[in-house]
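J.: Provided herewith is a single structure, encoded as structure tokens, for subsequent inquiry.
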Amino acid sequence: MKNRHHWGLLCVVSASLVLSGCVRDLQGSTYSRGETRQLQQVEYGRIEAVSPVVIEGTQSGVGQLPGAIVGGIAGSAVGEGKGQEIFTVLGALGGAVLGSTIEENVTRAQGLELTLKMDSGKTLSIVQEVERVDAFQVGQRVRVLTQGRLARVSPE
């Protein structure tokens with residue numbers, strides 16, 4: 001019986017790790033499939049300021065289900081009868097909260113707030129995910145691609 005709980009726990013943890021690998025990359029050089037073949041406006045400018053930021057992660061609920069399952073399995077291993085049922089429910093609730101927190105932390109990203117002075121004279125501020133905080137420098141020439149309300153910055 002105890003061995004069965006370990007296998008269930010192992011399966012759920014493995015599934016959680018696989019799902020966390022499906023997190024979407026939002027860097028300026030990465031396009032979603034839906035963004036391809038779409039018309040974008042192009043403007044050029046220069047970076048006036050660069051500030052590192054943290055882009056908060058998602059809480060879509062993907063982490064809650066595996067967390068609740070793991071918590072429920074762990075809780076069901078405690079006690080007998082009514083006590084076991086209570087620990088199963090408490091374990092599932094605690095696991096759901098923990099799973100949601102883990103999802104938010106795993107999907108959190110490093111970003112930069114870029115203040116740009118465009119060749120047209122207007123000033124823009126854009127926050128974008130980056131791999132490295134030194135990806136852009138003050139004074140650097142950049143290209144800004146806009147599509148509706150979305151924009152991305154890339155080196156010129």
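As shown in the structure tokens, the chain order sets the letters A, B, ...; within each chain, residues go from 1, and ligands are also counted from 1 in the order they appear.
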Extract, using only C-alpha atoms, all DNA, RNA and protein residues at most 8 Å from Gly91 of chain A, discarding same-chain residues fewer than 3 positions from it, and format them as an NGL selection string.
T.: :A and (68 or 70-76 or 87-88 or 94-95)
J.: Env of Thr146 of chain A: 6 Å cut, atoms = only C-alpha atoms, seq-sep filter 5 positions within chain, self excluded. Answer as a list in words.
T.: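 The contact residues come out as Gln40, Gln41 and Ala151 of chain A.
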J.: I need the chosen residues saved as a tab-separated table (two decimals), in the first residue's frame, with C-alpha atoms.
T.:
```
chain	number	residue	atom	x	y	z
A	40	GLN	CA	4.24	45.19	-37.93
A	41	GLN	CA	5.23	48.84	-37.91
A	151	ALA	CA	5.78	46.03	-29.09
```
J.: For the contact check between segment 129-150 of chain A and segment 45-59 of chain A, emit one row per residue of segment 129-150 of chain A within 9 Å, containing the shortest atom pair and the distance in Å rounded to one decimal, counting only C-alpha atoms, chain then rising number order, as a Markdown table.
T.:
```
| residue | atom | partner | partner_atom | distance |
| --- | --- | --- | --- | --- |
| A:Glu129 | CA | A:Ile55 | CA | 7.4 |
| A:Val133 | CA | A:Pro52 | CA | 6.4 |
| A:Phe136 | CA | A:Val50 | CA | 7.3 |
| A:Gln137 | CA | A:Val50 | CA | 6.9 |
| A:Val138 | CA | A:Ile47 | CA | 5.0 |
| A:Gly139 | CA | A:Ile47 | CA | 5.1 |
| A:Gln140 | CA | A:Ile47 | CA | 5.5 |
| A:Arg141 | CA | A:Arg46 | CA | 4.5 |
| A:Val142 | CA | A:Gly45 | CA | 5.5 |
| A:Arg143 | CA | A:Gly45 | CA | 6.5 |
| A:Val144 | CA | A:Gly45 | CA | 7.7 |
```
J.: Work out how far apart atom CA of Arg132 of chain A and atom CA of Glu156 of chain A are and give it in Å to one decimal.
T.: 17.8 Å
J.: How many Å separate atom CA of Lys117 of chain A from atom CA of Thr36 of chain A?
T.: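 Calculated distance between atom CA of Lys117 of chain A and atom CA of Thr36 of chain A is 27.0 Å.
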J.: When you count only C-alpha atoms, which of these residues is closest to Gly121 of chain A: A:Leu39, A:Ala135, A:Tyr44, A:Leu98?
T.: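 For Gly121 of chain A, the nearest of the given residues is A:Tyr44.
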J.: Would you mind reading off the distance between atom CA of Glu131 of chain A and atom CA of Glu104 of chain A, one decimal, in Å?
T.: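 Distance reported for this atom pair: 18.1 Å.
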